>>> print(open('target.cif').read())   # mmCIF, C-alpha atoms
data_model
loop_
_atom_site.group_PDB
_atom_site.id
_atom_site.type_symbol
_atom_site.label_atom_id
_atom_site.label_comp_id
_atom_site.auth_asym_id
_atom_site.auth_seq_id
_atom_site.Cartn_x
_atom_site.Cartn_y
_atom_site.Cartn_z
ATOM 1 C CA MET A 1 -9.731 15.422 12.109
ATOM 2 C CA ASN A 2 -7.844 14.216 15.174
ATOM 3 C CA GLY A 3 -7.873 10.525 15.861
ATOM 4 C CA VAL A 4 -5.700 7.497 16.367
ATOM 5 C CA HIS A 5 -4.990 7.310 12.625
ATOM 6 C CA ASP A 6 -3.086 10.618 12.875
ATOM 7 C CA LEU A 7 0.061 8.783 13.900
ATOM 8 C CA GLY A 8 2.752 11.232 12.810
ATOM 9 C CA GLY A 9 4.947 12.172 15.760
ATOM 10 C CA SER A 10 3.416 9.807 18.306
ATOM 11 C CA ASP A 11 5.753 7.432 20.169
ATOM 12 C CA GLY A 12 5.803 4.016 21.724
ATOM 13 C CA HIS A 13 4.938 2.003 18.612
ATOM 14 C CA GLY A 14 8.138 -0.064 18.644
ATOM 15 C CA PRO A 15 10.599 -1.065 15.925
ATOM 16 C CA ILE A 16 9.690 -1.088 12.238
ATOM 17 C CA ASN A 17 10.800 -4.657 11.465
ATOM 18 C CA PRO A 18 10.590 -4.728 7.667
ATOM 19 C CA GLU A 19 9.867 -8.242 6.407
ATOM 20 C CA PRO A 20 12.494 -9.541 3.941
ATOM 21 C CA ASN A 21 11.040 -10.689 0.593
ATOM 22 C CA GLU A 22 7.573 -9.779 1.739
ATOM 23 C CA PRO A 23 4.749 -11.253 -0.363
ATOM 24 C CA VAL A 24 2.109 -8.898 -1.778
ATOM 25 C CA PHE A 25 -0.542 -10.636 0.338
ATOM 26 C CA HIS A 26 -0.091 -12.680 3.508
ATOM 27 C CA ALA A 27 -3.268 -14.764 3.335
ATOM 28 C CA GLU A 28 -5.996 -15.717 0.891
ATOM 29 C CA TRP A 29 -8.543 -13.609 2.792
ATOM 30 C CA GLU A 30 -6.376 -10.504 2.341
ATOM 31 C CA LYS A 31 -6.556 -11.015 -1.428
ATOM 32 C CA ARG A 32 -10.347 -11.302 -1.305
ATOM 33 C CA VAL A 33 -10.678 -8.091 0.724
ATOM 34 C CA PHE A 34 -8.316 -6.192 -1.561
ATOM 35 C CA GLY A 35 -9.965 -7.470 -4.750
ATOM 36 C CA MET A 36 -13.413 -6.477 -3.505
ATOM 37 C CA PHE A 37 -12.585 -2.819 -3.100
ATOM 38 C CA LEU A 38 -13.031 -1.505 -6.636
ATOM 39 C CA PRO A 39 -16.093 -3.612 -7.516
ATOM 40 C CA VAL A 40 -17.828 -2.642 -4.254
ATOM 41 C CA ALA A 41 -16.854 1.022 -4.561
ATOM 42 C CA ALA A 42 -18.255 0.985 -8.106
ATOM 43 C CA CYS A 43 -21.682 0.123 -6.656
ATOM 44 C CA GLY A 44 -21.845 3.694 -5.396
ATOM 45 C CA TYR A 45 -22.554 3.121 -1.708
ATOM 46 C CA PHE A 46 -19.466 5.054 -0.618
ATOM 47 C CA ASN A 47 -16.481 6.941 -1.987
ATOM 48 C CA LEU A 48 -12.826 6.615 -1.049
ATOM 49 C CA ASP A 49 -12.980 9.386 1.546
ATOM 50 C CA GLU A 50 -15.931 7.729 3.308
ATOM 51 C CA PHE A 51 -14.036 4.449 3.240
ATOM 52 C CA ARG A 52 -11.004 6.057 4.876
ATOM 53 C CA HIS A 53 -13.247 7.770 7.417
ATOM 54 C CA ALA A 54 -14.880 4.453 8.333
ATOM 55 C CA ILE A 55 -11.381 3.203 9.232
ATOM 56 C CA GLU A 56 -10.566 6.383 11.150
ATOM 57 C CA ARG A 57 -13.605 5.943 13.400
ATOM 58 C CA MET A 58 -12.735 2.357 14.378
ATOM 59 C CA GLY A 59 -11.478 3.424 17.799
ATOM 60 C CA ALA A 60 -7.895 3.224 19.020
ATOM 61 C CA PRO A 61 -7.733 -0.358 20.373
ATOM 62 C CA SER A 62 -9.183 -1.903 17.212
ATOM 63 C CA TYR A 63 -7.214 0.381 14.927
ATOM 64 C CA LEU A 64 -3.868 -0.395 16.524
ATOM 65 C CA ASN A 65 -4.450 -4.086 17.167
ATOM 66 C CA THR A 66 -5.795 -5.231 13.830
ATOM 67 C CA SER A 67 -4.055 -5.552 10.493
ATOM 68 C CA TYR A 68 -4.387 -3.314 7.458
ATOM 69 C CA TYR A 69 -6.817 -5.484 5.542
ATOM 70 C CA GLU A 70 -8.864 -6.015 8.697
ATOM 71 C CA HIS A 71 -9.292 -2.228 8.633
ATOM 72 C CA TRP A 72 -10.630 -2.544 5.105
ATOM 73 C CA LEU A 73 -12.969 -5.383 6.110
ATOM 74 C CA HIS A 74 -14.274 -3.302 8.999
ATOM 75 C CA ALA A 75 -14.909 -0.391 6.618
ATOM 76 C CA PHE A 76 -16.825 -2.600 4.167
ATOM 77 C CA GLU A 77 -19.016 -4.065 6.898
ATOM 78 C CA THR A 78 -19.633 -0.690 8.511
ATOM 79 C CA LEU A 79 -20.461 1.253 5.364
ATOM 80 C CA LEU A 80 -22.509 -1.411 3.592
ATOM 81 C CA VAL A 81 -24.699 -1.806 6.669
ATOM 82 C CA GLU A 82 -24.953 1.951 7.266
ATOM 83 C CA LYS A 83 -25.902 2.539 3.636
ATOM 84 C CA GLY A 84 -28.469 -0.251 3.623
ATOM 85 C CA ALA A 85 -26.789 -2.581 1.121
ATOM 86 C CA LEU A 86 -26.729 -5.314 3.781
ATOM 87 C CA SER A 87 -28.329 -5.670 7.161
ATOM 88 C CA ALA A 88 -26.308 -6.405 10.265
ATOM 89 C CA ALA A 89 -28.630 -9.334 10.952
ATOM 90 C CA GLU A 90 -28.081 -11.027 7.590
ATOM 91 C CA LEU A 91 -24.341 -10.524 7.903
ATOM 92 C CA ALA A 92 -24.341 -12.101 11.374
ATOM 93 C CA ALA A 93 -26.538 -14.982 10.197
ATOM 94 C CA ARG A 94 -24.264 -15.715 7.251
ATOM 95 C CA GLN A 95 -21.176 -15.610 9.477
ATOM 96 C CA GLN A 96 -22.801 -18.092 11.844
ATOM 97 C CA GLN A 97 -23.781 -20.369 8.969
ATOM 98 C CA ILE A 98 -20.239 -20.361 7.536
ATOM 99 C CA ALA A 99 -18.726 -20.989 10.955
ATOM 100 C CA GLU A 100 -21.018 -23.975 11.502
ATOM 101 C CA GLU A 101 -20.304 -25.430 8.063
ATOM 102 C CA ALA A 102 -16.586 -25.146 8.682
ATOM 103 C CA ARG A 103 -16.707 -27.139 11.905
ATOM 104 C CA MET B 1 -12.475 -29.335 14.470
ATOM 105 C CA ALA B 2 -11.651 -29.540 10.785
ATOM 106 C CA SER B 3 -13.902 -31.870 8.861
ATOM 107 C CA SER B 4 -11.078 -33.393 6.824
ATOM 108 C CA ALA B 5 -7.302 -33.680 6.899
ATOM 109 C CA HIS B 6 -6.661 -30.811 4.517
ATOM 110 C CA THR B 7 -9.032 -28.253 5.982
ATOM 111 C CA ARG B 8 -8.677 -26.373 9.214
ATOM 112 C CA PRO B 9 -11.057 -24.297 11.300
ATOM 113 C CA LEU B 10 -11.650 -20.881 9.770
ATOM 114 C CA SER B 11 -10.439 -17.870 11.682
ATOM 115 C CA GLU B 12 -12.919 -15.204 12.703
ATOM 116 C CA VAL B 13 -11.632 -12.881 10.016
ATOM 117 C CA GLU B 14 -11.858 -15.594 7.339
ATOM 118 C CA ILE B 15 -15.475 -16.208 8.320
ATOM 119 C CA ARG B 16 -16.254 -12.487 8.080
ATOM 120 C CA VAL B 17 -14.673 -12.235 4.627
ATOM 121 C CA LYS B 18 -16.505 -15.299 3.296
ATOM 122 C CA ALA B 19 -19.810 -14.047 4.689
ATOM 123 C CA LEU B 20 -19.384 -10.594 3.181
ATOM 124 C CA GLU B 21 -18.247 -11.878 -0.189
ATOM 125 C CA SER B 22 -21.028 -14.449 -0.490
ATOM 126 C CA LEU B 23 -23.727 -11.890 0.364
ATOM 127 C CA LEU B 24 -22.337 -9.359 -2.107
ATOM 128 C CA VAL B 25 -22.290 -11.991 -4.852
ATOM 129 C CA GLU B 26 -25.867 -13.095 -4.081
ATOM 130 C CA LYS B 27 -27.091 -9.528 -4.236
ATOM 131 C CA GLY B 28 -25.386 -9.038 -7.567
ATOM 132 C CA LEU B 29 -23.148 -6.296 -6.204
ATOM 133 C CA ILE B 30 -19.846 -7.919 -7.145
ATOM 134 C CA ASP B 31 -18.676 -10.302 -9.825
ATOM 135 C CA LEU B 32 -16.058 -12.774 -8.590
ATOM 136 C CA ALA B 33 -14.280 -12.747 -11.956
ATOM 137 C CA ALA B 34 -13.674 -9.018 -11.535
ATOM 138 C CA VAL B 35 -12.387 -9.558 -7.990
ATOM 139 C CA ASP B 36 -10.047 -12.319 -9.191
ATOM 140 C CA ALA B 37 -8.751 -10.149 -12.037
ATOM 141 C CA LEU B 38 -7.892 -7.316 -9.652
ATOM 142 C CA ILE B 39 -6.080 -9.670 -7.285
ATOM 143 C CA ASP B 40 -4.068 -11.101 -10.175
ATOM 144 C CA LYS B 41 -3.202 -7.644 -11.499
ATOM 145 C CA TYR B 42 -1.829 -6.316 -8.229
ATOM 146 C CA GLU B 43 -0.212 -9.585 -7.144
ATOM 147 C CA HIS B 44 1.523 -10.358 -10.436
ATOM 148 C CA LYS B 45 1.525 -7.472 -12.897
ATOM 149 C CA VAL B 46 1.836 -4.140 -11.078
ATOM 150 C CA GLY B 47 4.819 -3.699 -8.801
ATOM 151 C CA PRO B 48 8.145 -2.005 -8.182
ATOM 152 C CA ARG B 49 9.658 -3.337 -11.417
ATOM 153 C CA ASN B 50 7.551 -0.632 -13.093
ATOM 154 C CA GLY B 51 9.092 2.105 -10.980
ATOM 155 C CA ALA B 52 12.549 0.637 -11.608
ATOM 156 C CA ARG B 53 12.006 1.117 -15.376
ATOM 157 C CA VAL B 54 11.141 4.752 -14.746
ATOM 158 C CA VAL B 55 14.257 5.275 -12.627
ATOM 159 C CA ALA B 56 16.574 3.574 -15.130
ATOM 160 C CA ARG B 57 15.175 5.661 -17.982
ATOM 161 C CA ALA B 58 15.776 8.832 -15.975
ATOM 162 C CA TRP B 59 19.359 7.754 -15.292
ATOM 163 C CA VAL B 60 20.183 7.261 -18.972
ATOM 164 C CA ASP B 61 18.064 9.999 -20.565
ATOM 165 C CA PRO B 62 18.551 13.538 -19.168
ATOM 166 C CA ALA B 63 15.589 14.928 -21.124
ATOM 167 C CA TYR B 64 13.332 12.210 -19.678
ATOM 168 C CA LYS B 65 14.666 12.923 -16.193
ATOM 169 C CA ALA B 66 13.828 16.605 -16.592
ATOM 170 C CA ARG B 67 10.275 15.721 -17.646
ATOM 171 C CA LEU B 68 9.965 13.237 -14.779
ATOM 172 C CA LEU B 69 10.914 15.838 -12.183
ATOM 173 C CA SER B 70 8.751 18.598 -13.662
ATOM 174 C CA HIS B 71 5.681 16.609 -14.827
ATOM 175 C CA GLY B 72 5.816 13.275 -13.016
ATOM 176 C CA THR B 73 2.433 11.856 -13.951
ATOM 177 C CA GLU B 74 2.912 12.506 -17.682
ATOM 178 C CA ALA B 75 6.510 11.252 -17.771
ATOM 179 C CA ILE B 76 5.564 8.028 -15.978
ATOM 180 C CA ALA B 77 2.649 7.570 -18.378
ATOM 181 C CA GLU B 78 5.137 7.698 -21.276
ATOM 182 C CA LEU B 79 6.309 4.266 -20.089
ATOM 183 C CA GLY B 80 2.723 3.037 -19.814
ATOM 184 C CA TYR B 81 2.275 3.260 -16.053
ATOM 185 C CA THR B 82 -1.011 4.963 -15.274
ATOM 186 C CA GLY B 83 -4.123 4.436 -13.214
ATOM 187 C CA MET B 84 -5.452 4.290 -9.728
ATOM 188 C CA GLN B 85 -3.267 5.791 -6.984
ATOM 189 C CA GLY B 86 -0.975 7.322 -9.602
ATOM 190 C CA GLU B 87 -3.160 10.109 -10.946
ATOM 191 C CA ASP B 88 -1.091 12.944 -9.483
ATOM 192 C CA MET B 89 2.555 11.946 -9.210
ATOM 193 C CA VAL B 90 5.404 14.040 -7.849
ATOM 194 C CA VAL B 91 8.917 12.617 -8.237
ATOM 195 C CA VAL B 92 11.633 13.875 -5.889
ATOM 196 C CA GLU B 93 15.323 13.409 -6.633
ATOM 197 C CA ASN B 94 17.872 12.118 -4.161
ATOM 198 C CA THR B 95 21.334 13.696 -4.405
ATOM 199 C CA PRO B 96 24.394 13.750 -2.139
ATOM 200 C CA GLU B 97 22.987 16.985 -0.683
ATOM 201 C CA VAL B 98 19.299 16.042 -0.256
ATOM 202 C CA HIS B 99 17.762 12.717 0.710
ATOM 203 C CA ASN B 100 13.993 12.326 0.284
ATOM 204 C CA VAL B 101 11.856 9.718 2.029
ATOM 205 C CA LEU B 102 8.109 9.049 1.744
ATOM 206 C CA VAL B 103 5.379 8.297 4.245
ATOM 207 C CA CYS B 104 1.634 8.493 4.634
ATOM 208 C CA THR B 105 1.212 9.345 8.311
ATOM 209 C CA LEU B 106 -2.593 9.194 8.135
ATOM 210 C CA CYS B 107 -3.017 5.902 6.305
ATOM 211 C CA SER B 108 -1.372 4.198 3.343
ATOM 212 C CA CYS B 109 -1.120 6.527 0.301
ATOM 213 C CA TYR B 110 1.394 4.979 -2.105
ATOM 214 C CA PRO B 111 2.021 5.161 -5.868
ATOM 215 C CA TRP B 112 0.455 1.892 -7.040
ATOM 216 C CA PRO B 113 1.211 2.099 -10.798
ATOM 217 C CA THR B 114 4.961 2.392 -10.197
ATOM 218 C CA LEU B 115 5.509 0.613 -6.865
ATOM 219 C CA GLY B 116 2.545 -1.762 -6.554
ATOM 220 C CA LEU B 117 0.869 -2.262 -3.188
ATOM 221 C CA PRO B 118 2.769 -1.021 -0.133
ATOM 222 C CA PRO B 119 4.603 -3.346 2.262
ATOM 223 C CA VAL B 120 3.128 -3.882 5.727
ATOM 224 C CA TRP B 121 5.788 -1.801 7.475
ATOM 225 C CA TYR B 122 4.896 1.244 5.343
ATOM 226 C CA LYS B 123 1.271 1.054 6.527
ATOM 227 C CA SER B 124 2.104 0.309 10.164
ATOM 228 C CA ALA B 125 2.227 2.537 13.220
ATOM 229 C CA PRO B 126 5.981 2.359 13.950
ATOM 230 C CA TYR B 127 7.067 3.772 10.561
ATOM 231 C CA ARG B 128 4.222 6.257 10.157
ATOM 232 C CA SER B 129 4.655 7.700 13.628
ATOM 233 C CA ARG B 130 8.418 7.963 13.739
ATOM 234 C CA VAL B 131 9.750 8.835 10.273
ATOM 235 C CA VAL B 132 8.431 12.387 10.603
ATOM 236 C CA ILE B 133 10.149 13.093 13.943
ATOM 237 C CA ASP B 134 13.264 10.906 13.715
ATOM 238 C CA PRO B 135 13.918 10.257 10.023
ATOM 239 C CA ARG B 136 17.628 9.603 10.494
ATOM 240 C CA GLY B 137 16.905 7.045 13.203
ATOM 241 C CA VAL B 138 14.341 5.335 10.980
ATOM 242 C CA LEU B 139 16.751 5.252 8.037
ATOM 243 C CA GLN B 140 19.338 3.621 10.288
ATOM 244 C CA GLU B 141 16.839 0.837 10.992
ATOM 245 C CA PHE B 142 16.923 0.191 7.244
ATOM 246 C CA GLY B 143 20.740 0.216 7.337
ATOM 247 C CA LEU B 144 21.156 3.683 5.864
ATOM 248 C CA GLN B 145 23.475 6.063 7.675
ATOM 249 C CA LEU B 146 23.487 9.503 6.077
ATOM 250 C CA PRO B 147 26.177 12.125 6.656
ATOM 251 C CA GLU B 148 25.092 15.026 8.847
ATOM 252 C CA SER B 149 25.668 17.308 5.861
ATOM 253 C CA THR B 150 22.885 15.618 3.894
ATOM 254 C CA GLU B 151 19.520 17.309 4.314
ATOM 255 C CA VAL B 152 16.652 14.860 4.908
ATOM 256 C CA ARG B 153 13.226 15.736 3.501
ATOM 257 C CA VAL B 154 10.199 13.678 4.545
ATOM 258 C CA TRP B 155 7.215 13.816 2.187
ATOM 259 C CA ASP B 156 3.893 13.045 3.874
ATOM 260 C CA SER B 157 1.304 12.078 1.263
ATOM 261 C CA THR B 158 -1.980 13.874 1.053
ATOM 262 C CA SER B 159 -5.013 11.920 -0.034
ATOM 263 C CA GLU B 160 -4.424 13.185 -3.589
ATOM 264 C CA VAL B 161 -0.694 13.481 -4.394
ATOM 265 C CA ARG B 162 1.487 10.374 -4.637
ATOM 266 C CA TYR B 163 5.251 10.740 -4.323
ATOM 267 C CA MET B 164 8.083 8.598 -5.632
ATOM 268 C CA VAL B 165 11.815 8.948 -5.019
ATOM 269 C CA LEU B 166 14.299 9.052 -7.890
ATOM 270 C CA PRO B 167 17.285 7.446 -6.173
ATOM 271 C CA GLU B 168 20.908 8.357 -6.891
ATOM 272 C CA ARG B 169 22.556 6.324 -9.626
ATOM 273 C CA PRO B 170 25.255 4.305 -7.906
ATOM 274 C CA PRO B 171 28.874 4.982 -8.862
ATOM 275 C CA GLY B 172 30.601 2.510 -11.155
ATOM 276 C CA THR B 173 27.502 1.831 -13.269
ATOM 277 C CA GLU B 174 28.472 3.880 -16.322
ATOM 278 C CA HIS B 175 28.885 0.728 -18.442
ATOM 279 C CA LEU B 176 25.480 -0.749 -17.597
ATOM 280 C CA SER B 177 22.525 -0.815 -19.982
ATOM 281 C CA GLU B 178 19.130 0.603 -19.087
ATOM 282 C CA ASP B 179 17.834 -2.925 -18.396
ATOM 283 C CA GLU B 180 20.793 -3.721 -16.180
ATOM 284 C CA LEU B 181 20.301 -0.481 -14.285
ATOM 285 C CA ALA B 182 16.602 -1.219 -13.773
ATOM 286 C CA ALA B 183 17.535 -4.550 -12.219
ATOM 287 C CA LEU B 184 19.493 -2.722 -9.502
ATOM 288 C CA VAL B 185 16.612 -0.471 -8.410
ATOM 289 C CA THR B 186 14.694 -1.598 -5.333
ATOM 290 C CA ARG B 187 11.288 -0.728 -3.944
ATOM 291 C CA ASP B 188 12.866 0.581 -0.736
ATOM 292 C CA ALA B 189 15.141 2.950 -2.677
ATOM 293 C CA MET B 190 12.090 4.411 -4.425
ATOM 294 C CA ILE B 191 10.424 4.958 -1.024
ATOM 295 C CA GLY B 192 13.707 6.514 0.108
ATOM 296 C CA VAL B 193 14.558 4.254 3.043
ATOM 297 C CA THR B 194 17.631 2.834 1.271
ATOM 298 C CA LYS B 195 19.977 3.747 -1.556
ATOM 299 C CA VAL B 196 20.570 1.770 -4.726
ATOM 300 C CA SER B 197 23.827 -0.146 -4.654
ATOM 301 C CA ALA B 198 25.656 -1.597 -7.647
#
>>> encode(input="target.cif", output="structure tokens")
Amino acid sequence: MNGVHDLGGSDGHGPINPEPNEPVFHAEWEKRVFGMFLPVAACGYFNLDEFRHAIERMGAPSYLNTSYYEHWLHAFETLLVEKGALSAAELAARQQQIAEEAR
Amino acid sequence: MASSAHTRPLSEVEIRVKALESLLVEKGLIDLAAVDALIDKYEHKVGPRNGARVVARAWVDPAYKARLLSHGTEAIAELGYTGMQGEDMVVVENTPEVHNVLVCTLCSCYPWPTLGLPPVWYKSAPYRSRVVIDPRGVLQEFGLQLPESTEVRVWDSTSEVRYMVLPERPPGTEHLSEDELAALVTRDAMIGVTKVSA
């Protein structure tokens, strides 16, 4: 399917800039998102192709301006709400609660 | 403001991750011990040293090399490297005549059991977009200038097959042991954006 993820051959994305001695993860939250994938997938709410598709339908600005593990986070939130494992309201409420506790 | 000297305000993404994780734990959908074990595995145990062992074995054992190029998944499993994102492996050999380089233009397909998790640049728009239309220019950004006579082949992963490059054994390494050879092999050489140097 066509979409922003189909990047092969497009231009204007700038230099590659490989990072010397790059760590496997760049932040603690990236580890949490990565480590969640298999356990959440094992719950049966989505398969790998649905997960990839959830990233592909992010929309170009979000896709290009957020990092790889933010794509994964978006896919988790999208699919788990769509499949009824979580509600958008409880997710928003928990985010607000955590933000307030962290102040 | 942070509530103590050693904490800081959480970013929006950190808040989203904590919220998601805490809800999934409360609902019994994930077990944090399992999450922690997966993080530890892919941060500390699975990585390009595995692929380097495969390459070094192929350099010293012609029969193994033949198996690796004809039945990649099985030959890699002989060294114990199996599992997710390595179920259908194809190994392509770099020679003076042909240089292979890997990409996943659509996302981030990568052979986890042999190379670990991919670097950010491999998953990012600049590499994915450009290596398929200007591979020689991309290789130059990694410091690799190939002669015009060398054919460049770019392998774009499907969602099923995972590729790995068998780099050329550098000259002057005839005296080295398999372990010493493995120590020379880099992740980037097994993606095909550099060569192995002695």
>>> residues_around(input="target.cif", residues="Arg53 in chain B", least_positions_apart="5", cutoff="12 Å", atoms="only C-alpha atoms", output="PyMOL selection string")
chain B and resi 47-48+58-61+64+75-81+113-115+166+177-187+190
>>> write_last_selection(input="target.cif", atoms="C-alpha atoms", output="PDB file, keeping the file's coordinate frame")
ATOM      1  CA  GLY B  47       4.819  -3.699  -8.801  1.00  0.00           C
ATOM      2  CA  PRO B  48       8.145  -2.005  -8.182  1.00  0.00           C
ATOM      3  CA  ALA B  58      15.776   8.832 -15.975  1.00  0.00           C
ATOM      4  CA  TRP B  59      19.359   7.754 -15.292  1.00  0.00           C
ATOM      5  CA  VAL B  60      20.183   7.261 -18.972  1.00  0.00           C
ATOM      6  CA  ASP B  61      18.064   9.999 -20.565  1.00  0.00           C
ATOM      7  CA  TYR B  64      13.332  12.210 -19.678  1.00  0.00           C
ATOM      8  CA  ALA B  75       6.510  11.252 -17.771  1.00  0.00           C
ATOM      9  CA  ILE B  76       5.564   8.028 -15.978  1.00  0.00           C
ATOM     10  CA  ALA B  77       2.649   7.570 -18.378  1.00  0.00           C
ATOM     11  CA  GLU B  78       5.137   7.698 -21.276  1.00  0.00           C
ATOM     12  CA  LEU B  79       6.309   4.266 -20.089  1.00  0.00           C
ATOM     13  CA  GLY B  80       2.723   3.037 -19.814  1.00  0.00           C
ATOM     14  CA  TYR B  81       2.275   3.260 -16.053  1.00  0.00           C
ATOM     15  CA  PRO B 113       1.211   2.099 -10.798  1.00  0.00           C
ATOM     16  CA  THR B 114       4.961   2.392 -10.197  1.00  0.00           C
ATOM     17  CA  LEU B 115       5.509   0.613  -6.865  1.00  0.00           C
ATOM     18  CA  LEU B 166      14.299   9.052  -7.890  1.00  0.00           C
ATOM     19  CA  SER B 177      22.525  -0.815 -19.982  1.00  0.00           C
ATOM     20  CA  GLU B 178      19.130   0.603 -19.087  1.00  0.00           C
ATOM     21  CA  ASP B 179      17.834  -2.925 -18.396  1.00  0.00           C
ATOM     22  CA  GLU B 180      20.793  -3.721 -16.180  1.00  0.00           C
ATOM     23  CA  LEU B 181      20.301  -0.481 -14.285  1.00  0.00           C
ATOM     24  CA  ALA B 182      16.602  -1.219 -13.773  1.00  0.00           C
ATOM     25  CA  ALA B 183      17.535  -4.550 -12.219  1.00  0.00           C
ATOM     26  CA  LEU B 184      19.493  -2.722  -9.502  1.00  0.00           C
ATOM     27  CA  VAL B 185      16.612  -0.471  -8.410  1.00  0.00           C
ATOM     28  CA  THR B 186      14.694  -1.598  -5.333  1.00  0.00           C
ATOM     29  CA  ARG B 187      11.288  -0.728  -3.944  1.00  0.00           C
ATOM     30  CA  MET B 190      12.090   4.411  -4.425  1.00  0.00           C
TER      31      MET B 190
END
>>> closest_residue(input="target.cif", among="B:Arg169, B:Arg128, B:Arg136, B:Arg67", to="chain A", atoms="all atoms listed in the file")
B:Arg128
>>> interface_residues(input="target.cif", of="chain B", to="chain A", cutoff="7 Å", atoms="only C-alpha atoms", output="JSON, numbers by chain")
{"B": [1, 2, 3, 9, 10, 14, 15, 16, 17, 19, 20, 29, 30, 35, 36, 38, 39, 43, 105, 106, 107, 117, 121, 125, 126, 127, 128, 129, 130, 132, 133]}
>>> write_last_selection(input="target.cif", atoms="C-alpha atoms", output="PDB file, keeping the file's coordinate frame")
ATOM      1  CA  MET B   1     -12.475 -29.335  14.470  1.00  0.00           C
ATOM      2  CA  ALA B   2     -11.651 -29.540  10.785  1.00  0.00           C
ATOM      3  CA  SER B   3     -13.902 -31.870   8.861  1.00  0.00           C
ATOM      4  CA  PRO B   9     -11.057 -24.297  11.300  1.00  0.00           C
ATOM      5  CA  LEU B  10     -11.650 -20.881   9.770  1.00  0.00           C
ATOM      6  CA  GLU B  14     -11.858 -15.594   7.339  1.00  0.00           C
ATOM      7  CA  ILE B  15     -15.475 -16.208   8.320  1.00  0.00           C
ATOM      8  CA  ARG B  16     -16.254 -12.487   8.080  1.00  0.00           C
ATOM      9  CA  VAL B  17     -14.673 -12.235   4.627  1.00  0.00           C
ATOM     10  CA  ALA B  19     -19.810 -14.047   4.689  1.00  0.00           C
ATOM     11  CA  LEU B  20     -19.384 -10.594   3.181  1.00  0.00           C
ATOM     12  CA  LEU B  29     -23.148  -6.296  -6.204  1.00  0.00           C
ATOM     13  CA  ILE B  30     -19.846  -7.919  -7.145  1.00  0.00           C
ATOM     14  CA  VAL B  35     -12.387  -9.558  -7.990  1.00  0.00           C
ATOM     15  CA  ASP B  36     -10.047 -12.319  -9.191  1.00  0.00           C
ATOM     16  CA  LEU B  38      -7.892  -7.316  -9.652  1.00  0.00           C
ATOM     17  CA  ILE B  39      -6.080  -9.670  -7.285  1.00  0.00           C
ATOM     18  CA  GLU B  43      -0.212  -9.585  -7.144  1.00  0.00           C
ATOM     19  CA  THR B 105       1.212   9.345   8.311  1.00  0.00           C
ATOM     20  CA  LEU B 106      -2.593   9.194   8.135  1.00  0.00           C
ATOM     21  CA  CYS B 107      -3.017   5.902   6.305  1.00  0.00           C
ATOM     22  CA  LEU B 117       0.869  -2.262  -3.188  1.00  0.00           C
ATOM     23  CA  TRP B 121       5.788  -1.801   7.475  1.00  0.00           C
ATOM     24  CA  ALA B 125       2.227   2.537  13.220  1.00  0.00           C
ATOM     25  CA  PRO B 126       5.981   2.359  13.950  1.00  0.00           C
ATOM     26  CA  TYR B 127       7.067   3.772  10.561  1.00  0.00           C
ATOM     27  CA  ARG B 128       4.222   6.257  10.157  1.00  0.00           C
ATOM     28  CA  SER B 129       4.655   7.700  13.628  1.00  0.00           C
ATOM     29  CA  ARG B 130       8.418   7.963  13.739  1.00  0.00           C
ATOM     30  CA  VAL B 132       8.431  12.387  10.603  1.00  0.00           C
ATOM     31  CA  ILE B 133      10.149  13.093  13.943  1.00  0.00           C
TER      32      ILE B 133
END
>>> atom_distance(input="target.cif", atom1="CA of Glu97 in chain B", atom2="CA of Tyr122 in chain B")
24.7 Å
>>> axis_aligned_box(input="target.cif", around="range 90-93 of chain A", padding_each_side="3 Å", output="JSON")
{"center_x": -26.2, "center_y": -12.8, "center_z": 9.5, "size_x": 9.7, "size_y": 10.5, "size_z": 9.8}
